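Listing of protein-v4.csv, CSV, C-alpha atoms and all ligand atoms
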```csv
chain,number,residue,atom,x,y,z
A,71,MET,CA,66.4,42.7,-10.4
A,72,THR,CA,69.4,40.7,-11.6
A,73,ARG,CA,69.2,38.4,-14.6
A,74,LYS,CA,69.9,35.4,-12.3
A,75,LYS,CA,67.0,36.4,-9.9
A,76,LEU,CA,64.7,37.1,-12.7
A,77,GLN,CA,65.4,33.8,-14.3
A,78,GLN,CA,64.7,32.1,-10.9
A,79,GLU,CA,61.4,33.9,-10.5
A,80,PHE,CA,60.1,34.0,-14.1
A,81,THR,CA,62.0,31.7,-16.5
A,82,GLN,CA,62.4,28.6,-14.3
A,83,PRO,CA,58.8,28.4,-13.0
A,84,LEU,CA,57.7,29.0,-16.6
A,85,LEU,CA,59.8,26.1,-18.0
A,86,SER,CA,58.6,23.8,-15.2
A,87,TRP,CA,55.0,24.7,-16.0
A,88,PHE,CA,55.7,24.0,-19.7
A,89,ASP,CA,56.9,20.5,-18.9
A,90,LEU,CA,53.5,19.8,-17.4
A,91,TYR,CA,51.1,21.8,-19.4
A,92,GLY,CA,52.8,23.3,-22.5
A,93,ARG,CA,51.7,22.4,-26.0
A,94,LYS,CA,54.0,19.9,-27.5
A,95,ASP,CA,51.9,18.4,-30.3
A,96,LEU,CA,51.2,21.3,-32.6
A,97,PRO,CA,51.7,20.3,-36.3
A,98,TRP,CA,54.7,22.6,-36.7
A,99,GLN,CA,56.4,21.0,-33.7
A,100,ILE,CA,56.5,17.5,-35.3
A,101,PRO,CA,59.1,17.7,-36.8
A,102,ARG,CA,60.3,21.2,-35.8
A,103,THR,CA,62.3,22.2,-38.9
A,104,PRO,CA,63.2,25.8,-39.7
A,105,TYR,CA,60.9,25.7,-42.8
A,106,ARG,CA,57.9,24.5,-40.8
A,107,VAL,CA,58.5,26.9,-37.9
A,108,TRP,CA,58.8,29.8,-40.4
A,109,ILE,CA,55.6,29.0,-42.2
A,110,SER,CA,53.7,28.6,-38.9
A,111,GLU,CA,55.1,31.8,-37.6
A,112,ILE,CA,53.9,33.7,-40.7
A,113,MET,CA,50.5,32.1,-40.6
A,114,LEU,CA,50.2,32.8,-36.8
A,115,GLN,CA,50.6,36.6,-37.3
A,116,GLN,CA,47.2,38.1,-36.5
A,117,THR,CA,45.6,34.6,-36.6
A,118,GLN,CA,44.6,32.1,-33.9
A,119,VAL,CA,46.3,28.7,-33.6
A,120,GLN,CA,43.0,26.8,-34.2
A,121,THR,CA,42.4,28.7,-37.4
A,122,VAL,CA,46.0,28.2,-38.6
A,123,ILE,CA,46.2,24.4,-38.1
A,124,PRO,CA,44.1,23.2,-41.1
A,125,TYR,CA,45.8,25.9,-43.4
A,126,PHE,CA,49.2,24.7,-42.2
A,127,ASN,CA,48.4,21.1,-42.8
A,128,ARG,CA,47.1,21.7,-46.3
A,129,PHE,CA,50.1,23.9,-47.1
A,130,MET,CA,52.6,21.3,-45.9
A,131,GLN,CA,50.9,18.6,-47.9
A,132,ARG,CA,51.3,20.6,-51.1
A,133,PHE,CA,54.6,22.3,-50.2
A,134,PRO,CA,56.6,20.0,-47.9
A,135,ASP,CA,59.8,21.9,-48.2
A,136,VAL,CA,61.3,25.2,-49.4
A,137,ASN,CA,62.0,23.9,-52.9
A,138,SER,CA,58.5,22.8,-53.6
A,139,LEU,CA,57.3,26.3,-52.4
A,140,ALA,CA,59.9,28.1,-54.5
A,141,MET,CA,58.9,26.3,-57.7
A,142,ALA,CA,55.1,26.8,-57.3
A,143,SER,CA,53.2,29.5,-59.1
A,144,GLU,CA,52.1,32.6,-57.1
A,145,ASP,CA,48.5,31.7,-57.9
A,146,GLU,CA,48.8,28.3,-56.3
A,147,VAL,CA,50.4,29.7,-53.1
A,148,LEU,CA,47.7,32.4,-52.9
A,149,SER,CA,44.9,29.8,-53.4
A,150,LEU,CA,46.2,27.8,-50.4
A,151,TRP,CA,46.3,31.1,-48.4
A,152,SER,CA,42.7,32.1,-49.4
A,153,GLY,CA,40.7,32.9,-46.3
A,154,LEU,CA,43.7,33.6,-44.0
A,155,GLY,CA,43.9,37.3,-45.0
A,156,TYR,CA,46.9,39.6,-45.1
A,157,TYR,CA,48.0,38.2,-48.5
A,158,SER,CA,51.2,40.1,-48.6
A,159,ARG,CA,52.4,37.4,-46.1
A,160,ALA,CA,51.8,34.7,-48.8
A,161,ARG,CA,53.5,36.7,-51.5
A,162,ASN,CA,56.5,37.3,-49.1
A,163,ILE,CA,56.9,33.6,-48.2
A,164,HIS,CA,56.9,32.8,-51.9
A,165,ARG,CA,59.6,35.4,-52.6
A,166,THR,CA,61.6,34.2,-49.6
A,167,ALA,CA,61.4,30.6,-50.7
A,168,LYS,CA,62.8,31.5,-54.1
A,169,LEU,CA,65.6,33.5,-52.5
A,170,ILE,CA,66.6,30.7,-50.1
A,171,LYS,CA,66.6,28.3,-53.1
A,172,GLU,CA,68.7,30.6,-55.3
A,173,GLN,CA,71.0,32.2,-52.7
A,174,GLN,CA,71.3,29.7,-49.8
A,175,LYS,CA,71.2,26.4,-51.8
A,176,SER,CA,67.8,25.7,-50.2
A,177,ILE,CA,69.3,25.7,-46.7
A,178,PHE,CA,67.5,27.9,-44.2
A,179,PRO,CA,69.9,30.5,-42.8
A,180,ALA,CA,70.6,30.3,-39.0
A,181,GLY,CA,71.8,33.9,-38.6
A,182,LYS,CA,69.7,36.8,-37.4
A,183,ASP,CA,71.0,39.2,-40.0
A,184,LEU,CA,70.5,36.8,-42.9
A,185,LEU,CA,66.9,36.1,-41.8
A,186,LEU,CA,66.1,39.8,-41.4
A,187,ASP,CA,67.2,40.3,-45.0
A,188,LEU,CA,64.4,38.0,-46.2
A,189,PRO,CA,61.0,39.5,-47.2
A,190,GLY,CA,58.3,39.3,-44.5
A,191,ILE,CA,60.7,38.3,-41.7
A,192,GLY,CA,60.9,40.8,-38.9
A,193,PRO,CA,62.8,40.6,-35.6
A,194,SER,CA,60.2,38.5,-33.8
A,195,THR,CA,59.8,36.0,-36.6
A,196,ALA,CA,63.6,35.7,-37.0
A,197,ALA,CA,63.8,35.1,-33.2
A,198,ALA,CA,61.1,32.5,-33.3
A,199,ILE,CA,62.9,30.6,-36.1
A,200,LEU,CA,66.3,30.8,-34.3
A,201,SER,CA,64.9,29.8,-30.9
A,202,GLN,CA,62.5,27.1,-32.0
A,203,ALA,CA,64.3,25.6,-34.9
A,204,PHE,CA,67.9,26.1,-33.9
A,205,ASN,CA,67.5,26.3,-30.1
A,206,LEU,CA,69.3,29.6,-29.9
A,207,PRO,CA,68.7,32.2,-27.2
A,208,ALA,CA,66.7,34.7,-29.3
A,209,ALA,CA,63.7,36.4,-27.6
A,210,ILE,CA,60.4,36.8,-29.5
A,211,MET,CA,57.9,39.6,-29.1
A,212,ASP,CA,54.4,38.6,-30.2
A,213,GLY,CA,51.0,39.6,-28.6
A,214,ASN,CA,51.2,36.9,-26.0
A,215,VAL,CA,54.7,38.0,-24.9
A,216,LYS,CA,53.7,41.6,-24.7
A,217,ARG,CA,50.7,40.8,-22.5
A,218,VAL,CA,52.6,38.6,-20.1
A,219,LEU,CA,55.6,41.0,-19.8
A,220,THR,CA,53.5,44.2,-19.4
A,221,ARG,CA,51.5,42.5,-16.6
A,222,PHE,CA,54.3,40.8,-14.9
A,223,PHE,CA,56.5,43.9,-14.8
A,224,LEU,CA,53.7,46.4,-14.8
A,225,ILE,CA,54.8,48.3,-17.9
A,226,LYS,CA,52.6,51.2,-18.7
A,227,GLY,CA,52.1,52.6,-22.2
A,228,TRP,CA,50.9,51.2,-25.6
A,229,PRO,CA,53.4,48.4,-26.4
A,230,GLU,CA,54.0,49.8,-30.0
A,231,GLU,CA,55.3,53.1,-28.6
A,232,ALA,CA,59.1,53.3,-29.3
A,233,GLN,CA,60.1,53.6,-25.6
A,234,VAL,CA,57.7,50.9,-24.4
A,235,LYS,CA,58.8,48.6,-27.2
A,236,LYS,CA,62.5,49.1,-26.3
A,237,THR,CA,61.8,48.3,-22.6
A,238,LEU,CA,59.8,45.1,-23.6
A,239,TRP,CA,62.6,43.9,-25.9
A,240,GLU,CA,65.2,44.4,-23.1
A,241,LEU,CA,63.0,42.5,-20.6
A,242,ALA,CA,62.4,39.7,-23.1
A,243,ASP,CA,66.1,39.3,-23.7
A,244,PHE,CA,66.7,39.3,-19.9
A,245,CYS,CA,64.2,36.5,-19.4
A,246,MET,CA,65.5,34.4,-22.2
A,247,PRO,CA,67.5,31.4,-20.9
A,248,GLN,CA,70.7,30.1,-22.6
A,249,GLU,CA,69.4,26.6,-22.7
A,250,ARG,CA,66.0,25.1,-23.6
A,251,CYS,CA,65.4,28.1,-25.8
A,252,ALA,CA,62.8,26.3,-28.0
A,253,ASP,CA,60.8,25.2,-25.0
A,254,TYR,CA,61.0,28.7,-23.4
A,255,THR,CA,59.7,30.3,-26.5
A,256,GLN,CA,56.8,27.9,-26.7
A,257,ALA,CA,56.2,28.3,-23.0
A,258,ILE,CA,55.8,32.0,-23.0
A,259,MET,CA,53.5,31.9,-26.0
A,260,ASP,CA,51.5,29.1,-24.3
A,261,LEU,CA,51.3,31.1,-21.0
A,262,GLY,CA,49.8,34.0,-22.9
A,263,ALA,CA,47.4,31.9,-24.9
A,264,THR,CA,46.1,29.6,-22.1
A,265,CYS,CA,46.7,31.4,-18.8
A,266,CYS,CA,47.5,35.1,-19.2
A,267,LYS,CA,44.6,35.6,-21.7
A,268,PRO,CA,43.5,39.1,-22.8
A,269,ARG,CA,40.2,38.8,-20.8
A,270,ASN,CA,39.8,36.9,-17.5
A,271,PRO,CA,43.4,35.7,-17.1
A,272,ASN,CA,43.6,32.4,-15.2
A,273,CYS,CA,46.0,33.7,-12.6
A,274,GLY,CA,45.1,30.9,-10.2
A,275,GLN,CA,46.9,28.4,-12.5
A,276,CYS,CA,49.8,30.8,-13.4
A,277,PRO,CA,53.3,29.6,-12.6
A,278,VAL,CA,54.6,33.2,-12.1
A,279,GLN,CA,51.7,34.6,-10.1
A,280,ASP,CA,53.9,35.0,-6.9
A,281,GLN,CA,56.0,37.8,-8.5
A,282,CYS,CA,53.4,39.2,-11.0
A,283,GLN,CA,53.0,42.9,-10.3
A,284,ALA,CA,49.6,43.3,-12.0
A,285,PHE,CA,48.3,40.4,-10.0
A,286,LYS,CA,49.5,41.9,-6.7
A,287,LEU,CA,47.6,45.1,-7.5
A,288,GLN,CA,44.7,43.2,-9.2
A,289,GLU,CA,45.2,45.4,-12.2
A,290,GLN,CA,45.6,42.7,-14.8
A,291,HIS,CA,42.8,44.2,-17.0
A,292,LEU,CA,44.8,47.5,-17.3
A,293,TYR,CA,47.7,45.8,-19.1
A,294,PRO,CA,48.8,46.0,-21.9
A,295,THR,CA,47.7,49.6,-22.2
A,296,LYS,CA,45.3,50.0,-25.2
A,297,LYS,CA,46.0,52.3,-28.1
A,298,ILE,CA,43.7,55.3,-28.2
A,299,LYS,CA,41.5,54.4,-31.2
A,300,LYS,CA,40.6,56.7,-34.0
A,301,PRO,CA,37.2,56.1,-35.7
A,302,VAL,CA,37.6,53.7,-38.7
A,303,PRO,CA,36.5,55.3,-42.0
A,304,ILE,CA,33.8,53.5,-44.0
A,305,HIS,CA,33.9,53.3,-47.8
A,306,ALA,CA,31.3,51.8,-50.1
A,307,GLN,CA,31.8,49.9,-53.4
A,308,GLN,CA,29.7,47.9,-55.8
A,309,PHE,CA,31.1,44.6,-57.1
A,310,LEU,CA,29.9,43.3,-60.5
A,311,THR,CA,29.5,39.6,-61.1
A,312,LEU,CA,29.5,39.4,-64.9
A,313,TYR,CA,28.6,36.0,-66.4
A,314,ASN,CA,28.2,35.2,-70.0
A,315,GLU,CA,25.9,32.9,-71.9
A,316,GLN,CA,28.2,29.9,-71.2
A,317,GLY,CA,27.9,30.6,-67.5
A,318,LEU,CA,31.6,31.8,-67.3
A,319,ILE,CA,32.5,34.4,-64.7
A,320,TYR,CA,34.7,37.4,-65.3
A,321,LEU,CA,37.5,38.1,-62.8
A,322,GLU,CA,40.4,40.6,-62.9
A,323,LYS,CA,43.8,40.1,-61.3
A,324,ARG,CA,44.8,42.8,-58.8
A,325,PRO,CA,48.2,44.4,-59.2
A,326,PRO,CA,51.0,42.6,-57.2
A,327,THR,CA,51.0,45.2,-54.3
A,328,GLY,CA,48.3,47.0,-52.5
A,329,LEU,CA,44.8,45.8,-51.5
A,330,TRP,CA,44.3,42.1,-52.3
A,331,GLY,CA,47.6,42.2,-54.2
A,332,GLY,CA,47.9,39.4,-56.8
A,333,LEU,CA,44.5,38.0,-56.0
A,334,TRP,CA,41.6,37.6,-58.5
A,335,CYS,CA,38.6,39.9,-57.8
A,336,LEU,CA,35.3,40.8,-59.3
A,337,PRO,CA,35.4,44.2,-61.0
A,338,GLY,CA,34.6,47.0,-58.4
A,339,ILE,CA,32.9,50.3,-59.2
A,340,LYS,CA,31.9,53.3,-57.1
A,341,SER,CA,28.8,53.1,-55.1
A,342,GLY,CA,26.0,54.7,-57.1
A,343,GLU,CA,27.8,54.4,-60.4
A,344,CYS,CA,25.6,52.8,-63.1
A,345,PRO,CA,26.9,49.2,-63.7
A,346,MET,CA,25.4,49.1,-67.3
A,347,ASP,CA,27.3,52.3,-68.3
A,348,PHE,CA,30.4,50.9,-66.8
A,349,ILE,CA,30.4,47.6,-68.6
A,350,GLU,CA,29.6,49.2,-71.9
A,351,HIS,CA,32.3,51.9,-71.5
A,352,HIS,CA,35.0,49.7,-70.1
A,353,TYR,CA,34.3,46.3,-71.7
A,354,ALA,CA,32.0,46.9,-74.7
A,355,LEU,CA,29.5,44.6,-73.1
A,356,LYS,CA,25.8,44.9,-72.8
A,357,GLY,CA,23.7,42.9,-70.4
A,358,ASP,CA,20.4,42.1,-68.7
A,359,LYS,CA,19.1,44.2,-65.8
A,360,PRO,CA,21.5,43.8,-62.8
A,361,GLU,CA,20.2,41.6,-60.0
A,362,SER,CA,21.2,42.1,-56.4
A,363,ILE,CA,23.2,39.2,-54.9
A,364,ILE,CA,24.2,40.3,-51.4
A,365,SER,CA,25.2,43.3,-49.3
A,366,PHE,CA,27.7,43.0,-46.5
A,367,LYS,CA,30.5,44.8,-44.7
A,368,HIS,CA,34.1,43.7,-45.0
A,369,CYS,CA,36.5,45.0,-42.3
A,370,PHE,CA,40.1,45.8,-42.8
A,371,SER,CA,42.3,47.1,-40.0
A,372,HIS,CA,42.3,50.6,-41.3
A,373,PHE,CA,38.8,51.0,-42.9
A,374,HIS,CA,35.5,49.2,-43.4
A,375,LEU,CA,34.1,48.5,-46.8
A,376,GLU,CA,30.4,48.3,-47.4
A,377,ILE,CA,29.8,46.0,-50.4
A,378,ASP,CA,26.8,45.7,-52.7
A,379,ALA,CA,27.2,42.9,-55.2
A,380,VAL,CA,25.1,42.6,-58.3
A,381,SER,CA,25.1,40.0,-61.1
A,382,ILE,CA,24.7,40.8,-64.8
A,383,LYS,CA,24.2,38.4,-67.6
A,384,VAL,CA,26.3,40.0,-70.3
A,385,TYR,CA,26.5,39.8,-74.1
A,386,SER,CA,29.4,41.0,-76.2
A,387,MET,CA,28.8,44.0,-78.4
A,388,ALA,CA,32.0,43.4,-80.4
A,389,ASN,CA,34.0,40.3,-81.2
A,390,GLU,CA,36.3,40.9,-78.3
A,391,MET,CA,36.0,42.6,-74.9
A,392,LYS,CA,37.3,46.2,-75.1
A,393,GLU,CA,39.6,45.9,-72.1
A,394,SER,CA,40.8,42.4,-71.3
A,395,ALA,CA,42.5,43.0,-68.0
A,396,GLY,CA,40.8,39.8,-66.7
A,397,ARG,CA,39.7,36.4,-67.8
A,398,TRP,CA,36.6,34.3,-67.9
A,399,PHE,CA,36.4,31.2,-65.6
A,400,THR,CA,34.3,28.1,-65.1
A,401,GLN,CA,33.0,27.3,-61.6
A,402,GLU,CA,35.6,24.5,-61.4
A,403,GLN,CA,38.5,26.7,-62.3
A,404,LEU,CA,37.6,29.2,-59.6
A,405,SER,CA,38.6,26.7,-56.8
A,406,SER,CA,42.2,26.8,-57.9
A,407,LEU,CA,42.5,30.6,-57.9
A,408,GLY,CA,43.7,32.9,-55.1
A,409,LEU,CA,40.5,34.8,-54.5
A,410,ALA,CA,39.9,37.9,-52.4
A,411,LYS,CA,37.6,37.1,-49.5
A,412,PRO,CA,34.7,39.3,-50.6
A,413,THR,CA,34.9,37.7,-54.1
A,414,THR,CA,34.6,34.3,-52.5
A,415,VAL,CA,31.6,35.4,-50.4
A,416,ILE,CA,29.8,36.9,-53.4
A,417,LEU,CA,30.5,33.9,-55.7
A,418,ASN,CA,29.3,31.4,-53.0
A,419,GLU,CA,26.1,33.4,-52.7
A,420,LEU,CA,25.7,33.5,-56.5
A,421,TYR,CA,26.1,29.7,-56.9
A,422,ASN,CA,23.8,29.1,-54.0
A,423,SER,CA,21.2,31.3,-55.7
A,424,VAL,CA,19.3,30.5,-58.9
A,425,LEU,CA,20.8,33.6,-60.7
A,426,ILE,CA,23.6,31.8,-62.5
A,427,ASN,CA,21.3,28.9,-63.4
A,428,LYS,CA,19.2,31.1,-65.7
A,429,CYS,CA,21.8,31.1,-68.4
B,501,LIG,FE1,49.2,36.9,-16.3
B,501,LIG,FE2,47.9,36.5,-14.0
B,501,LIG,FE3,50.1,35.2,-14.5
B,501,LIG,FE4,50.2,37.8,-14.0
B,501,LIG,S1,49.5,36.2,-12.6
B,501,LIG,S2,51.3,36.8,-15.6
B,501,LIG,S3,48.3,38.5,-15.0
B,501,LIG,S4,48.2,35.0,-15.7
```
Hey, can you dump this file as structure tokens for me?
Amino acid sequence: MTRKKLQQEFTQPLLSWFDLYGRKDLPWQIPRTPYRVWISEIMLQQTQVQTVIPYFNRFMQRFPDVNSLAMASEDEVLSLWSGLGYYSRARNIHRTAKLIKEQQKSIFPAGKDLLLDLPGIGPSTAAAILSQAFNLPAAIMDGNVKRVLTRFFLIKGWPEEAQVKKTLWELADFCMPQERCADYTQAIMDLGATCCKPRNPNCGQCPVQDQCQAFKLQEQHLYPTKKIKKPVPIHAQQFLTLYNEQGLIYLEKRPPTGLWGGLWCLPGIKSGECPMDFIEHHYALKGDKPESIISFKHCFSHFHLEIDAVSIKVYSMANEMKESAGRWFTQEQLSSLGLAKPTTVILNELYNSVLINKC
């Protein structure tokens, strides 16, 4: 199929559909600046639009531009990201904001190569910024686009396989118009989100149904091809909620990279390890008998963590704690910290219980 014919059969009907049904009032579309598009694109990775909207609005209220973000502390950025997950995204946007301030005089770059040099910006995010904020013909490749293209063109194979990925990028470039680039990018995302949904696609309302190969064969459910899943390993850990006689809670800051990088966490020990031995050995603390707070499972993409949380009212054995990797916080101070999700769950449970009120 020639580019011209493809654009007649895919791109043009999609743009006409967008004029009638596309989303034009999302918070990052009004106004559609490079900074706002960038933040929304990063937040939307692995996350639904409805979940992102309140986070985006709070973020924009506190950091309305790249300068305010660059000058903030990492803790403040992480605290506004708390709950969205994938915290390396937040650390990367903070680093990127600093680089744009220092190296680009706070002006967002409008070139693909410059964008790709920035932390956390890959080819699809760069294309989203170029097409949506600068109206340039750069094709994106998110989950919605993969679904629409694999179904429309009947592309077999897991979309992350090198050859399949290459084919999808070529088709995406082929479908991209030279004009109305911002509208087209939003249109294909909207089609994937509202019509060409993962389950039960609404083909009756689809503007490209006439030429959709999967629809012709009634094989929509077979595309995109799923990855063959390996079983996800399960690990177990105990989390210790140490509180002192003043009711202060002890938290430790994680190293900047890795799991929950840069976030504040409760100390974690091996499942089955004795909490009392641990606090005496590591912190020179003694305490009352541990009390169970909550047990739950926290799921990561590559493993599941079974968590048992206990609280211990502690007393110092010496003048100072033996290892002071962390700090003691009041309940009020906790709300301004970037906390790992399980830590938030455990602390909420603790404050809802009577345990902490015993001190
Ligand atoms: Fe998706 Fe159905 Fe449209 Fe094909 S016809 S692109 S499967 S919504």
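Among the candidate residues A:Ala167, A:Met113, A:Leu186, A:Cys273, the one lying nearest to ligand LIG 501 (chain B) is A:Cys273, with distances computed using only C-alpha atoms and all ligand atoms.
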* Contacts of ligand LIG 501 (chain B), 7 Å or closer, only C-alpha atoms and all ligand atoms, given as an MDAnalysis selection string -> chainID A and resid 218 221:222 265:266 271:273 276:279 282:285 290
* Could you name the residues that touch Ile298 (chain A) at 12 Å or less, counting all atoms listed in the file, but leaving out those on the same chain fewer than 6 positions away, as a list in words? -> Gly227, Trp228, Glu230 and Glu231 of chain A
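Distances to Arg250 (chain A) were evaluated for A:Pro360, A:Gln401, A:Phe309, A:Ala203 using only C-alpha atoms, and the minimum falls at A:Ala203.
Between CA of Ser362 (chain A) and CA of Asp378 (chain A) lies a distance of 7.6 Å.
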* Which is closer to Lys367 (chain A) than all the others in A:Pro345, A:Ala306, A:Val380, A:Glu322, using only C-alpha atoms? -> A:Ala306
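Distances here use only C-alpha atoms; by that measure, the residue among A:Pro134, A:Pro337, A:Gly342, A:Pro193 closest to Ile416 (chain A) is A:Pro337.
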* Would you mind listing what lies within 10 Å of Met130 (chain A) as JSON, numbers by chain, with all atoms listed in the file counted and same-chain residues fewer than 4 positions away left out? => {"A": [97, 98, 105, 106, 109, 124, 125, 126, 134, 135, 138, 139]}
* Would you list the residues near (67.0, 32.2, -32.1) (no more than 12 Å away, in the coordinates of the file, using all atoms listed in the file) as number ranges by chain? => A: 104, 107-108, 179-183, 185, 193-210, 243, 246-255
* Minimum-distance residue to Gln403 (chain A), chosen among A:Ser149, A:Phe223, A:Gly331, A:Ser371 (using all atoms listed in the file) -> A:Ser149
Please produce region 111-125 of chain A, completed to N, CA, C and O atoms, as a PDB file, keeping the file's coordinate frame.
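File produced: result_15.pdb:
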```
ATOM      1  N   GLU A 111      54.946  30.500 -38.158  1.00  0.00           N
ATOM      2  CA  GLU A 111      55.100  31.800 -37.600  1.00  0.00           C
ATOM      3  C   GLU A 111      54.397  32.891 -38.445  1.00  0.00           C
ATOM      4  O   GLU A 111      53.747  33.798 -37.957  1.00  0.00           O
ATOM      5  N   ILE A 112      54.570  32.759 -39.750  1.00  0.00           N
ATOM      6  CA  ILE A 112      53.900  33.700 -40.700  1.00  0.00           C
ATOM      7  C   ILE A 112      52.418  33.581 -40.600  1.00  0.00           C
ATOM      8  O   ILE A 112      51.680  34.561 -40.522  1.00  0.00           O
ATOM      9  N   MET A 113      51.955  32.330 -40.622  1.00  0.00           N
ATOM     10  CA  MET A 113      50.500  32.100 -40.600  1.00  0.00           C
ATOM     11  C   MET A 113      49.909  32.600 -39.253  1.00  0.00           C
ATOM     12  O   MET A 113      48.780  33.086 -39.201  1.00  0.00           O
ATOM     13  N   LEU A 114      50.685  32.464 -38.158  1.00  0.00           N
ATOM     14  CA  LEU A 114      50.200  32.800 -36.800  1.00  0.00           C
ATOM     15  C   LEU A 114      50.117  34.317 -36.577  1.00  0.00           C
ATOM     16  O   LEU A 114      49.518  34.741 -35.594  1.00  0.00           O
ATOM     17  N   GLN A 115      50.722  35.101 -37.459  1.00  0.00           N
ATOM     18  CA  GLN A 115      50.600  36.600 -37.300  1.00  0.00           C
ATOM     19  C   GLN A 115      49.172  36.973 -37.443  1.00  0.00           C
ATOM     20  O   GLN A 115      48.555  36.661 -38.452  1.00  0.00           O
ATOM     21  N   GLN A 116      48.617  37.611 -36.475  1.00  0.00           N
ATOM     22  CA  GLN A 116      47.200  38.100 -36.500  1.00  0.00           C
ATOM     23  C   GLN A 116      46.189  36.974 -36.555  1.00  0.00           C
ATOM     24  O   GLN A 116      45.025  37.232 -36.840  1.00  0.00           O
ATOM     25  N   THR A 117      46.593  35.723 -36.361  1.00  0.00           N
ATOM     26  CA  THR A 117      45.600  34.600 -36.600  1.00  0.00           C
ATOM     27  C   THR A 117      45.794  33.590 -35.437  1.00  0.00           C
ATOM     28  O   THR A 117      46.900  33.288 -35.011  1.00  0.00           O
ATOM     29  N   GLN A 118      44.643  33.067 -34.983  1.00  0.00           N
ATOM     30  CA  GLN A 118      44.600  32.100 -33.900  1.00  0.00           C
ATOM     31  C   GLN A 118      45.167  30.736 -34.303  1.00  0.00           C
ATOM     32  O   GLN A 118      44.985  30.335 -35.456  1.00  0.00           O
ATOM     33  N   VAL A 119      45.718  30.014 -33.316  1.00  0.00           N
ATOM     34  CA  VAL A 119      46.300  28.700 -33.600  1.00  0.00           C
ATOM     35  C   VAL A 119      45.258  27.749 -34.226  1.00  0.00           C
ATOM     36  O   VAL A 119      45.542  27.079 -35.227  1.00  0.00           O
ATOM     37  N   GLN A 120      44.038  27.728 -33.670  1.00  0.00           N
ATOM     38  CA  GLN A 120      43.000  26.800 -34.200  1.00  0.00           C
ATOM     39  C   GLN A 120      42.661  27.077 -35.634  1.00  0.00           C
ATOM     40  O   GLN A 120      42.344  26.175 -36.393  1.00  0.00           O
ATOM     41  N   THR A 121      42.702  28.356 -36.010  1.00  0.00           N
ATOM     42  CA  THR A 121      42.400  28.700 -37.400  1.00  0.00           C
ATOM     43  C   THR A 121      43.556  28.283 -38.298  1.00  0.00           C
ATOM     44  O   THR A 121      43.345  27.808 -39.421  1.00  0.00           O
ATOM     45  N   VAL A 122      44.775  28.436 -37.792  1.00  0.00           N
ATOM     46  CA  VAL A 122      46.000  28.200 -38.600  1.00  0.00           C
ATOM     47  C   VAL A 122      46.141  26.679 -38.914  1.00  0.00           C
ATOM     48  O   VAL A 122      46.557  26.317 -40.027  1.00  0.00           O
ATOM     49  N   ILE A 123      45.831  25.812 -37.956  1.00  0.00           N
ATOM     50  CA  ILE A 123      46.200  24.400 -38.100  1.00  0.00           C
ATOM     51  C   ILE A 123      45.743  23.765 -39.439  1.00  0.00           C
ATOM     52  O   ILE A 123      46.567  23.201 -40.153  1.00  0.00           O
ATOM     53  N   PRO A 124      44.457  23.873 -39.837  1.00  0.00           N
ATOM     54  CA  PRO A 124      44.100  23.200 -41.100  1.00  0.00           C
ATOM     55  C   PRO A 124      44.813  23.876 -42.323  1.00  0.00           C
ATOM     56  O   PRO A 124      45.175  23.172 -43.270  1.00  0.00           O
ATOM     57  N   TYR A 125      45.020  25.199 -42.288  1.00  0.00           N
ATOM     58  CA  TYR A 125      45.800  25.900 -43.400  1.00  0.00           C
ATOM     59  C   TYR A 125      47.191  25.327 -43.424  1.00  0.00           C
ATOM     60  O   TYR A 125      47.731  25.048 -44.496  1.00  0.00           O
TER      61      TYR A 125
END
```
